[in-house]
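Data block for entry-v3.txt (compact mmCIF, C-alpha atoms):
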# COMPACT_ATOMS: atom_id res chain seq x y z
CA LEU A 99 0.50 23.51 7.05
CA GLY A 100 -0.91 26.85 5.95
CA LEU A 101 0.59 26.66 2.47
CA PRO A 102 -1.29 28.05 -0.54
CA GLU A 103 -3.05 25.48 -2.69
CA PRO A 104 -0.60 23.96 -5.16
CA ASP A 105 -1.08 24.48 -8.88
CA LEU A 106 -2.10 20.94 -9.92
CA ASP A 107 -1.43 21.57 -13.61
CA GLU A 108 2.11 22.70 -12.77
CA ALA A 109 2.61 19.57 -10.64
CA ARG A 110 1.33 17.31 -13.45
CA GLU A 111 3.58 19.04 -16.00
CA ALA A 112 6.61 18.71 -13.69
CA CYS A 113 5.91 14.99 -13.14
CA ALA A 114 5.54 14.38 -16.87
CA ALA A 115 8.79 16.26 -17.62
CA VAL A 116 10.76 14.32 -14.98
CA LEU A 117 9.38 10.99 -16.19
CA ALA A 118 10.11 11.85 -19.83
CA ALA A 119 13.69 12.83 -19.00
CA ASN A 120 14.34 9.71 -16.90
CA PRO A 121 12.41 6.72 -18.28
CA MET A 122 12.61 3.66 -16.06
CA GLU A 123 10.63 0.47 -15.62
CA HIS A 124 9.94 0.79 -11.89
CA GLY A 125 10.56 4.03 -10.05
CA ARG A 126 9.63 6.23 -7.14
CA LEU A 127 8.30 9.70 -7.93
CA ARG A 128 8.40 12.16 -5.05
CA ILE A 129 6.55 15.46 -5.16
CA THR A 130 7.69 17.93 -2.51
CA TYR A 131 5.80 21.18 -1.98
CA THR A 132 7.30 23.64 0.50
CA GLY A 133 6.81 27.17 1.74
CA GLY A 134 9.79 28.23 -0.37
CA LEU A 135 12.94 30.10 0.59
CA SER A 136 12.88 31.08 4.24
CA PRO A 137 15.18 32.71 6.78
CA LEU A 138 17.47 30.50 8.90
CA SER A 139 14.88 30.21 11.67
CA SER A 140 11.37 28.86 12.12
CA ASP A 141 9.82 31.85 10.37
CA ARG A 142 8.39 31.55 6.88
CA GLY A 143 9.73 33.51 3.98
CA ASP A 144 7.62 35.54 1.61
CA THR A 145 9.00 34.34 -1.75
CA GLY A 146 6.16 31.89 -2.36
CA PRO A 147 6.05 28.09 -2.47
CA THR A 148 8.53 25.74 -4.11
CA LEU A 149 7.63 22.58 -6.03
CA VAL A 150 10.29 19.87 -6.46
CA VAL A 151 9.71 16.62 -8.34
CA ALA A 152 12.34 13.89 -8.05
CA LEU A 153 12.54 10.39 -9.49
CA GLY A 154 14.58 7.44 -8.32
CA ALA A 155 14.75 3.77 -9.18
CA ALA A 156 12.73 1.35 -7.07
CA LYS A 157 12.56 -2.39 -6.96
CA ARG A 158 9.70 -4.75 -6.31
CA ARG A 159 9.45 -5.73 -2.66
CA PRO A 160 9.37 -9.39 -1.57
CA ASP A 161 5.94 -10.84 -0.74
CA SER A 162 6.75 -10.86 2.98
CA THR A 163 9.10 -9.03 5.32
CA ALA A 164 10.38 -8.75 8.87
CA VAL A 165 9.52 -5.73 11.03
CA ILE A 166 10.48 -4.44 14.45
CA THR A 167 8.69 -2.44 17.08
CA VAL A 168 10.46 0.63 18.43
CA PRO A 169 10.26 2.37 21.80
CA TRP A 170 9.59 5.79 20.26
CA VAL A 171 6.04 7.01 19.65
CA ARG A 172 4.04 9.03 17.18
CA ASN A 173 2.30 12.05 18.67
CA GLU A 174 -1.31 11.70 17.58
CA ARG A 175 -2.08 15.17 18.98
CA GLY A 176 0.90 16.99 17.44
CA ALA A 177 0.67 19.73 14.84
CA LEU A 178 1.97 17.33 12.15
CA ALA A 179 -0.20 14.31 13.04
CA GLY A 180 -1.52 12.67 9.88
CA LEU A 181 0.51 14.92 7.57
CA LYS A 182 3.22 13.73 5.21
CA THR A 183 6.04 16.21 5.76
CA THR A 184 9.77 16.38 5.13
CA SER A 185 10.42 15.81 8.87
CA TYR A 186 11.94 12.35 8.37
CA ALA A 187 14.51 12.20 11.20
CA GLU A 188 12.29 10.02 13.42
CA ASN A 189 11.71 7.61 10.54
CA VAL A 190 15.41 7.52 9.68
CA LEU A 191 16.33 6.50 13.24
CA ALA A 192 13.60 3.86 13.44
CA LEU A 193 14.42 2.42 10.03
CA SER A 194 18.11 2.28 10.94
CA ARG A 195 17.15 0.26 14.03
CA ALA A 196 15.05 -2.03 11.81
CA HIS A 197 18.01 -2.68 9.51
CA GLU A 198 20.14 -3.62 12.56
CA HIS A 199 17.61 -6.42 13.16
CA ASP A 200 17.43 -7.56 9.50
CA ALA A 201 14.02 -5.96 9.10
CA THR A 202 12.68 -3.57 6.48
CA GLU A 203 10.20 -1.62 8.59
CA ALA A 204 9.69 -0.29 12.11
CA LEU A 205 6.25 0.02 13.72
CA PHE A 206 5.27 2.84 16.08
CA ALA A 207 2.72 3.11 18.86
CA ASN A 208 1.27 6.51 19.66
CA THR A 209 1.42 8.40 22.97
CA VAL A 210 -1.49 6.43 24.47
CA GLY A 211 -0.01 3.04 23.56
CA ALA A 212 -2.15 2.33 20.51
CA LEU A 213 -0.74 0.81 17.30
CA CYS A 214 -0.15 3.63 14.80
CA GLU A 215 1.95 2.99 11.66
CA GLY A 216 5.33 2.18 10.19
CA THR A 217 8.01 4.59 9.03
CA GLY A 218 6.56 4.51 5.51
CA SER A 219 3.64 2.13 5.70
CA ASN A 220 0.26 1.48 7.23
CA VAL A 221 -0.32 -1.68 9.24
CA PHE A 222 -3.21 -4.14 9.20
CA VAL A 223 -3.90 -7.05 11.56
CA VAL A 224 -6.28 -10.00 11.49
CA LEU A 225 -8.05 -10.70 14.78
CA ASP A 226 -10.63 -13.49 15.08
CA GLY A 227 -10.79 -13.65 11.30
CA GLU A 228 -11.53 -9.90 10.91
CA LEU A 229 -9.25 -7.35 9.28
CA HIS A 230 -8.39 -4.20 11.28
CA THR A 231 -6.20 -1.14 10.83
CA PRO A 232 -5.56 1.79 13.20
CA THR A 233 -7.92 4.75 12.94
CA LEU A 234 -6.69 8.04 11.53
CA ALA A 235 -7.09 9.44 15.07
CA SER A 236 -4.10 7.25 16.01
CA GLY A 237 -1.92 9.73 14.11
CA CYS A 238 -1.20 7.48 11.13
CA LEU A 239 -1.07 8.78 7.59
CA ALA A 240 -4.13 8.28 5.41
CA GLY A 241 -2.21 6.28 2.80
CA ILE A 242 -3.67 5.68 -0.65
CA THR A 243 -3.03 1.92 -0.49
CA ARG A 244 -4.50 1.89 3.04
CA ALA A 245 -7.69 3.51 1.75
CA LEU A 246 -7.95 1.06 -1.16
CA THR A 247 -7.38 -1.92 1.15
CA ILE A 248 -10.15 -0.71 3.47
CA GLU A 249 -12.48 -0.13 0.51
CA TRP A 250 -11.79 -3.49 -1.16
CA THR A 251 -11.74 -5.67 1.96
CA GLY A 252 -14.10 -3.93 4.35
CA ALA A 253 -11.32 -3.69 6.97
CA LYS A 254 -12.41 -2.02 10.18
CA GLU A 255 -10.69 1.11 11.43
CA THR A 256 -10.14 0.28 15.09
CA GLU A 257 -8.19 1.68 18.02
CA LEU A 258 -5.75 -1.18 18.57
CA PRO A 259 -3.43 -1.58 21.55
CA TYR A 260 0.24 -1.91 20.56
CA ASP A 261 0.39 -5.44 21.97
CA VAL A 262 -2.17 -6.54 19.35
CA LEU A 263 0.93 -7.49 17.36
CA ASP A 264 1.52 -10.31 19.89
CA ARG A 265 -1.86 -11.94 19.31
CA ALA A 266 -2.77 -11.08 15.71
CA GLU A 267 -3.37 -14.04 13.44
CA GLU A 268 -1.80 -12.13 10.55
CA VAL A 269 -0.03 -8.79 10.13
CA PHE A 270 0.63 -7.00 6.86
CA LEU A 271 1.82 -3.62 5.64
CA THR A 272 0.51 -1.40 2.87
CA SER A 273 2.12 1.47 0.97
CA SER A 274 2.44 2.63 -2.61
CA LEU A 275 5.84 0.95 -2.94
CA ARG A 276 5.17 -2.12 -0.79
CA ASP A 277 1.68 -2.65 -2.18
CA VAL A 278 0.36 -5.28 0.29
CA GLN A 279 3.20 -7.06 2.06
CA ALA A 280 2.83 -9.84 4.63
CA VAL A 281 4.86 -9.73 7.84
CA HIS A 282 6.57 -13.03 8.67
CA ARG A 283 8.59 -11.88 11.71
CA ILE A 284 8.24 -9.15 14.35
CA HIS A 285 11.16 -8.29 16.60
CA GLY A 286 10.37 -6.07 19.56
CA GLU A 287 11.69 -4.96 22.90
CA ALA A 288 10.51 -8.26 24.41
CA GLY A 289 12.16 -10.34 21.69
CA GLU A 290 11.12 -12.01 18.45
CA ARG A 291 7.69 -13.35 17.59

Here is a file; write its structure as structure tokens.
Amino acid sequence: LGLPEPDLDEAREACAAVLAANPMEHGRLRITYTGGLSPLSSDRGDTGPTLVVALGAAKRRPDSTAVITVPWVRNERGALAGLKTTSYAENVLALSRAHEHDATEALFANTVGALCEGTGSNVFVVLDGELHTPTLASGCLAGITRALTIEWTGAKETELPYDVLDRAEEVFLTSSLRDVQAVHRIHGEAGER
């Protein structure tokens, strides 16, 4: 994004201070690093970056969940592809649609019809007994839990057509808050499966 390198010691100190001020058993720590104060336009300001650390309660997710597919796509060639930014509007809309269908996650294809990711998770599928996940070229985020799952299981990074969800033997999601979560139901444009 063209931002200066963050001061990692400052980030660690901020995280420790927030955690010390708000002790909780299970929480979500969000570190946001921005370009700082800017004019009311697309231009950047010149005041320097801003670091914000926030903490909120979280609860353990169930072992399995329902997901939906959505008609909107991730742009694997866009300027923000593969970056975790504060542009959450697309995720908010998709997740709202998921909740309308009693699901906790929505899965996106990319512009060429390949499986990409969820609103806040990476997706894995089992095909013919082998574990696969979309490649980073699909536009998905390089999640920490995704990387650990690949390392520990030998999962293959594969370009997967979106309809792989119709024929996968198993589907599961990974994220820092979900950990590894099985998918027991997928609702899509063509109905439930």

Could you check which of A:Ser236, A:Thr231, A:Thr145, A:Thr217 is closest to Glu255 (chain A), using all atoms listed in the file?
-> A:Thr231

For CA of Thr130 (chain A) and CA of Leu178 (chain A), the interatomic separation in Å (one decimal) =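 Between CA of Thr130 (chain A) and CA of Leu178 (chain A) the gap is 15.7 Å.
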
Region 173-216 of chain A residues near region 146-166 of chain A within 7 Å, closest pair each, using all atoms listed in the file, as CSV:
residue,atom,partner,partner_atom,distance
A:Ala196,CA,A:Ile166,CA,5.8
A:Ala201,CA,A:Ala164,CA,4.6
A:Thr202,CA,A:Val165,CA,5.9
A:Glu203,CA,A:Val165,CA,4.8
A:Ala204,CA,A:Ile166,CA,4.8
A:Leu205,CA,A:Ile166,CA,6.2

What is the CA of Arg276 (chain A)-CA of Glu108 (chain A) distance in Å, reported with one decimal?
->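 CA of Glu108 (chain A) lies at a distance of 27.7 Å from CA of Arg276 (chain A).
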
re CA of His285 (chain A) and CA of Ala187 (chain A): distance 21.5 Å

Step by step, gather every atom of region 187-199 of chain A that the file lists, find the box along x, y and z that holds them, add 3 Å on each side, and finally give centre and edge lengths in Å to one decimal, as lines of an AutoDock Vina configuration file.
center_x = 15.9
center_y = 2.9
center_z = 11.8
size_x = 14.4
size_y = 24.6
size_z = 10.5

Counting all atoms listed in the file, what is within 7 Å of Ser219 (chain A), bar same-chain residues fewer than 5 positions away, as JSON, numbers by chain?
-> {"A": [271, 272, 273]}

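Between Cys238 (chain A) and the candidates A:Ser185, A:Ser274, A:Ser136, A:Asn173, the tightest atom-to-atom separation, counting all atoms listed in the file, involves A:Asn173.
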
Which residues of region 123-220 of chain A sit at most 6 Å from region 258-266 of chain A, using all atoms listed in the file? Give each one's shortest atom pair and distance in Å (one decimal place), in chain and ascending residue order, as a Markdown table.
| residue | atom | partner | partner_atom | distance |
| --- | --- | --- | --- | --- |
| A:Ala207 | CA | A:Tyr260 | CA | 5.9 |
| A:Gly211 | CA | A:Tyr260 | CA | 5.8 |
| A:Ala212 | CA | A:Pro259 | CA | 4.2 |
| A:Leu213 | CA | A:Tyr260 | CA | 4.4 |

Complete region 199-234 of chain A with N, CA and C atoms (output as a CSV table (one decimal), keeping the file's coordinate frame).
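As written to disk, result10.csv reads:
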chain,number,residue,atom,x,y,z
A,199,HIS,N,18.3,-5.2,12.8
A,199,HIS,CA,17.6,-6.4,13.2
A,199,HIS,C,17.1,-7.2,11.9
A,200,ASP,N,17.8,-6.9,10.8
A,200,ASP,CA,17.4,-7.6,9.5
A,200,ASP,C,16.0,-7.4,9.2
A,201,ALA,N,15.4,-6.3,9.4
A,201,ALA,CA,14.0,-6.0,9.1
A,201,ALA,C,14.0,-4.8,8.1
A,202,THR,N,12.8,-4.7,7.4
A,202,THR,CA,12.7,-3.6,6.5
A,202,THR,C,11.7,-2.5,6.9
A,203,GLU,N,11.1,-2.6,8.1
A,203,GLU,CA,10.2,-1.6,8.6
A,203,GLU,C,10.2,-1.6,10.1
A,204,ALA,N,9.8,-0.4,10.7
A,204,ALA,CA,9.7,-0.3,12.1
A,204,ALA,C,8.3,0.2,12.4
A,205,LEU,N,7.6,-0.3,13.4
A,205,LEU,CA,6.2,0.0,13.7
A,205,LEU,C,6.2,0.9,15.0
A,206,PHE,N,5.4,1.9,15.0
A,206,PHE,CA,5.3,2.8,16.1
A,206,PHE,C,3.9,2.7,16.8
A,207,ALA,N,4.0,2.9,18.1
A,207,ALA,CA,2.7,3.1,18.9
A,207,ALA,C,2.6,4.6,18.9
A,208,ASN,N,1.4,5.1,19.4
A,208,ASN,CA,1.3,6.5,19.7
A,208,ASN,C,1.4,6.8,21.2
A,209,THR,N,1.2,8.0,21.6
A,209,THR,CA,1.4,8.4,23.0
A,209,THR,C,0.5,7.7,24.0
A,210,VAL,N,-0.6,7.1,23.5
A,210,VAL,CA,-1.5,6.4,24.5
A,210,VAL,C,-1.3,4.9,24.3
A,211,GLY,N,-0.3,4.5,23.6
A,211,GLY,CA,0.0,3.0,23.6
A,211,GLY,C,-0.8,2.3,22.5
A,212,ALA,N,-1.4,3.0,21.6
A,212,ALA,CA,-2.2,2.3,20.5
A,212,ALA,C,-1.2,2.1,19.3
A,213,LEU,N,-1.5,1.1,18.5
A,213,LEU,CA,-0.7,0.8,17.3
A,213,LEU,C,-1.0,2.0,16.3
A,214,CYS,N,0.0,2.5,15.7
A,214,CYS,CA,-0.2,3.6,14.8
A,214,CYS,C,0.2,3.3,13.4
A,215,GLU,N,1.5,3.2,13.0
A,215,GLU,CA,2.0,3.0,11.7
A,215,GLU,C,3.4,2.6,11.6
A,216,GLY,N,3.9,2.4,10.4
A,216,GLY,CA,5.3,2.2,10.2
A,216,GLY,C,6.0,3.5,9.7
A,217,THR,N,7.3,3.4,9.5
A,217,THR,CA,8.0,4.6,9.0
A,217,THR,C,7.5,5.1,7.7
A,218,GLY,N,7.1,4.2,6.8
A,218,GLY,CA,6.6,4.5,5.5
A,218,GLY,C,5.5,3.6,5.1
A,219,SER,N,4.7,3.1,6.0
A,219,SER,CA,3.6,2.1,5.7
A,219,SER,C,2.5,2.2,6.7
A,220,ASN,N,1.4,1.7,6.3
A,220,ASN,CA,0.3,1.5,7.2
A,220,ASN,C,0.2,0.0,7.6
A,221,VAL,N,-0.3,-0.3,8.7
A,221,VAL,CA,-0.3,-1.7,9.2
A,221,VAL,C,-1.7,-2.2,9.4
A,222,PHE,N,-1.9,-3.5,9.1
A,222,PHE,CA,-3.2,-4.1,9.2
A,222,PHE,C,-3.0,-5.4,10.0
A,223,VAL,N,-4.0,-5.8,10.8
A,223,VAL,CA,-3.9,-7.0,11.6
A,223,VAL,C,-5.2,-7.8,11.4
A,224,VAL,N,-5.1,-9.1,11.5
A,224,VAL,CA,-6.3,-10.0,11.5
A,224,VAL,C,-6.5,-10.5,12.9
A,225,LEU,N,-7.7,-10.3,13.4
A,225,LEU,CA,-8.0,-10.7,14.8
A,225,LEU,C,-9.4,-11.4,14.7
A,226,ASP,N,-9.4,-12.7,15.1
A,226,ASP,CA,-10.6,-13.5,15.1
A,226,ASP,C,-11.2,-13.5,13.7
A,227,GLY,N,-10.4,-13.6,12.7
A,227,GLY,CA,-10.8,-13.6,11.3
A,227,GLY,C,-11.2,-12.3,10.7
A,228,GLU,N,-11.1,-11.2,11.4
A,228,GLU,CA,-11.5,-9.9,10.9
A,228,GLU,C,-10.3,-9.0,10.7
A,229,LEU,N,-10.4,-8.2,9.6
A,229,LEU,CA,-9.2,-7.4,9.3
A,229,LEU,C,-9.4,-6.0,9.9
A,230,HIS,N,-8.4,-5.5,10.6
A,230,HIS,CA,-8.4,-4.2,11.3
A,230,HIS,C,-7.2,-3.4,10.9
A,231,THR,N,-7.3,-2.1,11.0
A,231,THR,CA,-6.2,-1.1,10.8
A,231,THR,C,-6.4,0.0,11.8
A,232,PRO,N,-5.4,0.7,12.3
A,232,PRO,CA,-5.6,1.8,13.2
A,232,PRO,C,-6.4,2.9,12.6
A,233,THR,N,-7.1,3.6,13.4
A,233,THR,CA,-7.9,4.8,12.9
A,233,THR,C,-7.0,5.9,12.6
A,234,LEU,N,-7.5,6.9,11.8
A,234,LEU,CA,-6.7,8.0,11.5
A,234,LEU,C,-6.4,8.9,12.8
